[in-house]
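**Q** Following this message is one structure expressed as C-alpha cells.
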Amino acid sequence: MPAFSTFYVPRDVAYRRLAAPTKLLLPLALMTLAFVVQDPAANLVVALAVVGLLRLAAVPWRIVRGFASVLVTLVPLVVVLWTLFYRSGDLLLAVGPVHVTVGGLTRSVATAFRVISIVLAVPLLLGVMPQQDLVAALRWFRLPYVLCFTLALALRMIPQLERDLATIRDAQRSRGIELDRGSLLLRARRLAMVVLPLMTVSIARLETLARVVESRGVLGARRRTFYRRPRPRVVDVVVMTASIASVGVTWLLARSPTWGPYLR
C-alpha cells in the first residue's frame, strides 16, 4: 500500500527537500497562529500563508480539493452561527430575536478564516511526506513510539475506509438498494445497510492488523533503529526557529496593550 494512500504525491520542489521535522512543525505552527490571532485581517494573513505554502509545496489540487470540499458546508455554518449567537459591539440589524452586531460579524469572519487555515494546513502536512517520514519526524521530537505508530496507522486507515465505503455502496446498489432516493427517514434506515458492513470489515481488518503488529514485535522492542533518520540542515533550523518564534511573538503581541487591539 502506498504511503498515506492517496495523500502523498512525490514532487521535486524546494519545499519538499526540507527535513521531515520542518515539514511537520511549519503546518502545526500555522494552525497555532490561527488560534492565537482573532482579528479577521490577521486570520486572513495566516490563511493566505497556508495557501501560498500549498502552492510552494506543489500539493496536487485533487488532494487539496478533498479537504477544501469540507469548507463549502463548514464555512457558511460557522459564519451564520457566530453572527447570530455572538453579540458584541454596536447593533447592525434586529429582526425579531435575531440580532446582528459588529462584534458578531467580525468574529464570524475571523473564525471562518481560522477554519480555512486549519483545514488547508492538513494537506500541507500529509501531502508532502510519506508515512515513514512523519513517524521519523515525530520521533525526532522525542514523542513515544507507540503514539507515533498509532497516529500513523490512524492516518493510513482514512483512505482505506473511503475505499471500503465506496465498495459497499456499489455492492448494495448492485442488489437494487437505492441509497440516495426516498424520504429522509427511509434513507436513514437504509444507511444501516452501509454502516454495519463497514464496521464489520473494519473490525476484521483491525484484528488482522493487531495480530501482525504483535507477531512482529512492533510494540515490544525497547530500542529501535531507523533506516533513515531526519538530519535537519541549517535552513531547517532557521525555518523551525522562525516558526516557533513567530508563534511566541504573536502570542505576546496579542496580549500587549499596544498591538493587542490589532490581533484580538
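Ordered as shown in the C-alpha cells, chains take letters A, B, and onward, while each chain numbers its residues from 1 and ligands are numbered from 1 in the order shown.
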For segment 101-117 of chain A, work out the shell of residues within 8 Å, counting only C-alpha atoms and skipping chain neighbours fewer than 6 positions away, then give it as a PyMOL selection string.
**A** chain A and resi 30-31+34-35+38-41+43-44+46-47+50+71+75+78-93
**Q** Generate a file of the selected residues that holds N, CA and C atoms, formatted as an mmCIF file, in the first residue's frame.
**A**
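Heads up, here's the output in again39.cif:
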data_model
loop_
_atom_site.group_PDB
_atom_site.id
_atom_site.type_symbol
_atom_site.label_atom_id
_atom_site.label_comp_id
_atom_site.auth_asym_id
_atom_site.auth_seq_id
_atom_site.Cartn_x
_atom_site.Cartn_y
_atom_site.Cartn_z
ATOM 1 N N LEU A 30 1.364 27.134 11.865
ATOM 2 C CA LEU A 30 0.312 27.926 11.225
ATOM 3 C C LEU A 30 -1.048 27.648 11.864
ATOM 4 N N MET A 31 -1.310 26.395 12.214
ATOM 5 C CA MET A 31 -2.556 26.079 12.918
ATOM 6 C C MET A 31 -2.613 26.802 14.265
ATOM 7 N N ALA A 34 -3.367 30.440 13.848
ATOM 8 C CA ALA A 34 -4.782 30.675 13.556
ATOM 9 C C ALA A 34 -5.613 30.765 14.833
ATOM 10 N N PHE A 35 -5.186 30.066 15.889
ATOM 11 C CA PHE A 35 -5.894 30.150 17.170
ATOM 12 C C PHE A 35 -5.445 31.359 17.982
ATOM 13 N N GLN A 38 -7.171 36.671 16.525
ATOM 14 C CA GLN A 38 -8.626 36.679 16.408
ATOM 15 C C GLN A 38 -9.140 37.780 15.488
ATOM 16 N N ASP A 39 -8.257 38.658 15.038
ATOM 17 C CA ASP A 39 -8.664 39.709 14.123
ATOM 18 C C ASP A 39 -8.854 39.127 12.724
ATOM 19 N N PRO A 40 -9.889 39.551 11.969
ATOM 20 C CA PRO A 40 -10.109 38.992 10.618
ATOM 21 C C PRO A 40 -8.926 39.198 9.688
ATOM 22 N N ALA A 41 -8.305 40.392 9.733
ATOM 23 C CA ALA A 41 -7.162 40.643 8.851
ATOM 24 C C ALA A 41 -5.995 39.720 9.194
ATOM 25 N N ASN A 43 -6.163 36.739 10.672
ATOM 26 C CA ASN A 43 -6.517 35.383 10.253
ATOM 27 C C ASN A 43 -6.452 35.226 8.738
ATOM 28 N N LEU A 44 -6.769 36.291 8.006
ATOM 29 C CA LEU A 44 -6.645 36.240 6.546
ATOM 30 C C LEU A 44 -5.192 36.071 6.130
ATOM 31 N N VAL A 46 -2.862 34.546 7.832
ATOM 32 C CA VAL A 46 -2.496 33.149 8.099
ATOM 33 C C VAL A 46 -3.052 32.235 7.012
ATOM 34 N N ALA A 47 -4.305 32.461 6.611
ATOM 35 C CA ALA A 47 -4.909 31.637 5.567
ATOM 36 C C ALA A 47 -4.158 31.787 4.241
ATOM 37 N N VAL A 50 -0.967 29.799 4.363
ATOM 38 C CA VAL A 50 -1.192 28.367 4.136
ATOM 39 C C VAL A 50 -1.375 28.081 2.651
ATOM 40 N N LEU A 71 -15.023 22.752 3.452
ATOM 41 C CA LEU A 71 -15.236 24.172 3.745
ATOM 42 C C LEU A 71 -16.506 24.712 3.120
ATOM 43 N N VAL A 75 -17.797 26.543 6.386
ATOM 44 C CA VAL A 75 -17.605 27.996 6.487
ATOM 45 C C VAL A 75 -18.931 28.746 6.580
ATOM 46 N N VAL A 78 -20.330 28.230 10.069
ATOM 47 C CA VAL A 78 -19.600 28.997 11.082
ATOM 48 C C VAL A 78 -20.000 30.462 11.039
ATOM 49 N N VAL A 79 -20.087 31.032 9.845
ATOM 50 C CA VAL A 79 -20.442 32.449 9.711
ATOM 51 C C VAL A 79 -21.831 32.724 10.269
ATOM 52 N N VAL A 80 -22.787 31.869 9.936
ATOM 53 C CA VAL A 80 -24.161 32.079 10.405
ATOM 54 C C VAL A 80 -24.261 31.938 11.917
ATOM 55 N N LEU A 81 -23.652 30.893 12.474
ATOM 56 C CA LEU A 81 -23.759 30.658 13.912
ATOM 57 C C LEU A 81 -23.084 31.763 14.722
ATOM 58 N N TRP A 82 -21.886 32.160 14.329
ATOM 59 C CA TRP A 82 -21.189 33.197 15.073
ATOM 60 C C TRP A 82 -21.891 34.550 14.925
ATOM 61 N N THR A 83 -22.437 34.810 13.746
ATOM 62 C CA THR A 83 -23.133 36.092 13.549
ATOM 63 C C THR A 83 -24.394 36.176 14.388
ATOM 64 N N LEU A 84 -25.115 35.073 14.513
ATOM 65 C CA LEU A 84 -26.391 35.093 15.227
ATOM 66 C C LEU A 84 -26.234 34.992 16.738
ATOM 67 N N PHE A 85 -25.257 34.231 17.201
ATOM 68 C CA PHE A 85 -25.186 33.928 18.628
ATOM 69 C C PHE A 85 -24.088 34.679 19.371
ATOM 70 N N TYR A 86 -23.183 35.333 18.664
ATOM 71 C CA TYR A 86 -22.157 36.126 19.338
ATOM 72 C C TYR A 86 -22.555 37.593 19.228
ATOM 73 N N ARG A 87 -22.929 38.182 20.333
ATOM 74 C CA ARG A 87 -23.411 39.557 20.335
ATOM 75 C C ARG A 87 -22.443 40.436 21.107
ATOM 76 N N SER A 88 -21.829 41.362 20.379
ATOM 77 C CA SER A 88 -20.872 42.275 20.983
ATOM 78 C C SER A 88 -20.745 43.495 20.074
ATOM 79 N N GLY A 89 -20.622 44.651 20.675
ATOM 80 C CA GLY A 89 -20.456 45.866 19.894
ATOM 81 C C GLY A 89 -21.778 46.467 19.463
ATOM 82 N N ASP A 90 -21.721 47.373 18.497
ATOM 83 C CA ASP A 90 -22.906 48.090 18.018
ATOM 84 C C ASP A 90 -23.854 47.154 17.277
ATOM 85 N N LEU A 91 -25.135 47.460 17.388
ATOM 86 C CA LEU A 91 -26.178 46.671 16.732
ATOM 87 C C LEU A 91 -26.312 47.114 15.275
ATOM 88 N N LEU A 92 -26.236 46.173 14.360
ATOM 89 C CA LEU A 92 -26.386 46.473 12.938
ATOM 90 C C LEU A 92 -27.765 46.151 12.407
ATOM 91 N N LEU A 93 -28.359 45.057 12.894
ATOM 92 C CA LEU A 93 -29.645 44.609 12.369
ATOM 93 C C LEU A 93 -30.380 43.852 13.464
#
**Q** Report as a PDB file with C-alpha atoms, in the first residue's frame all protein, DNA and RNA residues lying within 12 Å of Leu53 of chain A, evaluated on only C-alpha atoms, omitting residues in the same chain fewer than 3 positions from it.
**A**
ATOM      1  CA  VAL A  13      10.443  21.172  -5.338  1.00  0.00           C
ATOM      2  CA  ALA A  14      12.472  23.112  -2.794  1.00  0.00           C
ATOM      3  CA  TYR A  15       9.837  22.807  -0.046  1.00  0.00           C
ATOM      4  CA  ARG A  16       9.835  19.009  -0.304  1.00  0.00           C
ATOM      5  CA  LYS A  23       7.587  19.966   7.262  1.00  0.00           C
ATOM      6  CA  LEU A  26       5.545  24.500   9.938  1.00  0.00           C
ATOM      7  CA  PRO A  27       1.874  23.462   9.391  1.00  0.00           C
ATOM      8  CA  LEU A  30       0.312  27.926  11.225  1.00  0.00           C
ATOM      9  CA  VAL A  46      -2.496  33.149   8.099  1.00  0.00           C
ATOM     10  CA  ALA A  47      -4.909  31.637   5.567  1.00  0.00           C
ATOM     11  CA  LEU A  48      -3.010  33.234   2.673  1.00  0.00           C
ATOM     12  CA  ALA A  49       0.250  31.890   4.116  1.00  0.00           C
ATOM     13  CA  VAL A  50      -1.192  28.367   4.136  1.00  0.00           C
ATOM     14  CA  LEU A  56       5.130  26.260  -2.940  1.00  0.00           C
ATOM     15  CA  ALA A  57       4.970  22.600  -1.895  1.00  0.00           C
ATOM     16  CA  ALA A  58       3.238  21.640  -5.169  1.00  0.00           C
ATOM     17  CA  VAL A  59       0.469  19.719  -3.409  1.00  0.00           C
ATOM     18  CA  SER A 117      -6.316  27.871   7.692  1.00  0.00           C
ATOM     19  CA  LEU A 120      -5.979  23.548   4.430  1.00  0.00           C
ATOM     20  CA  ALA A 121      -2.962  23.023   6.684  1.00  0.00           C
ATOM     21  CA  VAL A 122      -3.809  19.304   6.838  1.00  0.00           C
ATOM     22  CA  PRO A 123      -2.921  18.554   3.170  1.00  0.00           C
ATOM     23  CA  LEU A 124       0.170  20.727   3.661  1.00  0.00           C
ATOM     24  CA  LEU A 125       1.196  18.206   6.333  1.00  0.00           C
ATOM     25  CA  GLY A 127       0.696  15.679   1.161  1.00  0.00           C
ATOM     26  CA  VAL A 128       4.406  16.472   1.348  1.00  0.00           C
TER      27      VAL A 128
END
**Q** Counting only C-alpha atoms, which residues in segment 114-193 of chain A sit no more than 12 Å from segment 229-237 of chain A? For each one, give the nearest pair of atoms and the distance in Å, sorted by chain then residue number, as JSON lines.
**A**
{"residue": "A:Gln132", "atom": "CA", "partner": "A:Arg229", "partner_atom": "CA", "distance": 9.9}
{"residue": "A:Asp133", "atom": "CA", "partner": "A:Pro230", "partner_atom": "CA", "distance": 7.9}
{"residue": "A:Leu134", "atom": "CA", "partner": "A:Pro230", "partner_atom": "CA", "distance": 10.0}
{"residue": "A:Val135", "atom": "CA", "partner": "A:Arg229", "partner_atom": "CA", "distance": 10.2}
{"residue": "A:Ala136", "atom": "CA", "partner": "A:Arg229", "partner_atom": "CA", "distance": 6.5}
{"residue": "A:Ala137", "atom": "CA", "partner": "A:Pro230", "partner_atom": "CA", "distance": 6.8}
{"residue": "A:Leu138", "atom": "CA", "partner": "A:Pro230", "partner_atom": "CA", "distance": 10.2}
{"residue": "A:Arg139", "atom": "CA", "partner": "A:Arg229", "partner_atom": "CA", "distance": 9.4}
{"residue": "A:Trp140", "atom": "CA", "partner": "A:Pro230", "partner_atom": "CA", "distance": 7.2}
{"residue": "A:Phe141", "atom": "CA", "partner": "A:Pro230", "partner_atom": "CA", "distance": 10.5}
**Q** Enumerate as an mmCIF file with C-alpha atoms, in the first residue's frame all residues of segment 52-262 of chain A assigned to strand (DSSP E or B) by DSSP on the backbone, naming them with the chain letters and numbers the document uses.
**A**
data_model
loop_
_atom_site.group_PDB
_atom_site.id
_atom_site.type_symbol
_atom_site.label_atom_id
_atom_site.label_comp_id
_atom_site.auth_asym_id
_atom_site.auth_seq_id
_atom_site.Cartn_x
_atom_site.Cartn_y
_atom_site.Cartn_z
ATOM 1 C CA LEU A 91 -26.178 46.671 16.732
ATOM 2 C CA LEU A 92 -26.386 46.473 12.938
ATOM 3 C CA LEU A 93 -29.645 44.609 12.369
ATOM 4 C CA ALA A 94 -32.510 43.423 14.542
ATOM 5 C CA VAL A 95 -35.288 41.238 13.162
ATOM 6 C CA VAL A 98 -32.220 37.841 15.515
ATOM 7 C CA HIS A 99 -29.610 40.482 16.387
ATOM 8 C CA VAL A 100 -26.562 41.110 14.210
ATOM 9 C CA THR A 101 -23.794 43.082 15.883
#
**Q** Based on DSSP run over this structure's backbone, return all residues of segment 24-253 of chain A in helix (DSSP H, G or I), as a ChimeraX atom specification.
**A** /A:24-36,40-56,61-85,102-126,131-140,145-174,184-215,234-253
**Q** Using only C-alpha atoms, which protein or nucleic acid residues come within 8 Å of segment 193-205 of chain A? Drop anything in the same chain fewer than 5 positions from it, and give the result as a list of chain:residue names.
**A**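 Counting only the stated atoms, we get A:Leu161, A:Asp164, A:Leu165, A:Ile168, A:Arg169, A:Gln172.
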**Q** In Å, with one decimal, what is the gap from atom CA of Gly52 of chain A to atom CA of Ala154 of chain A?
**A** 27.6 Å
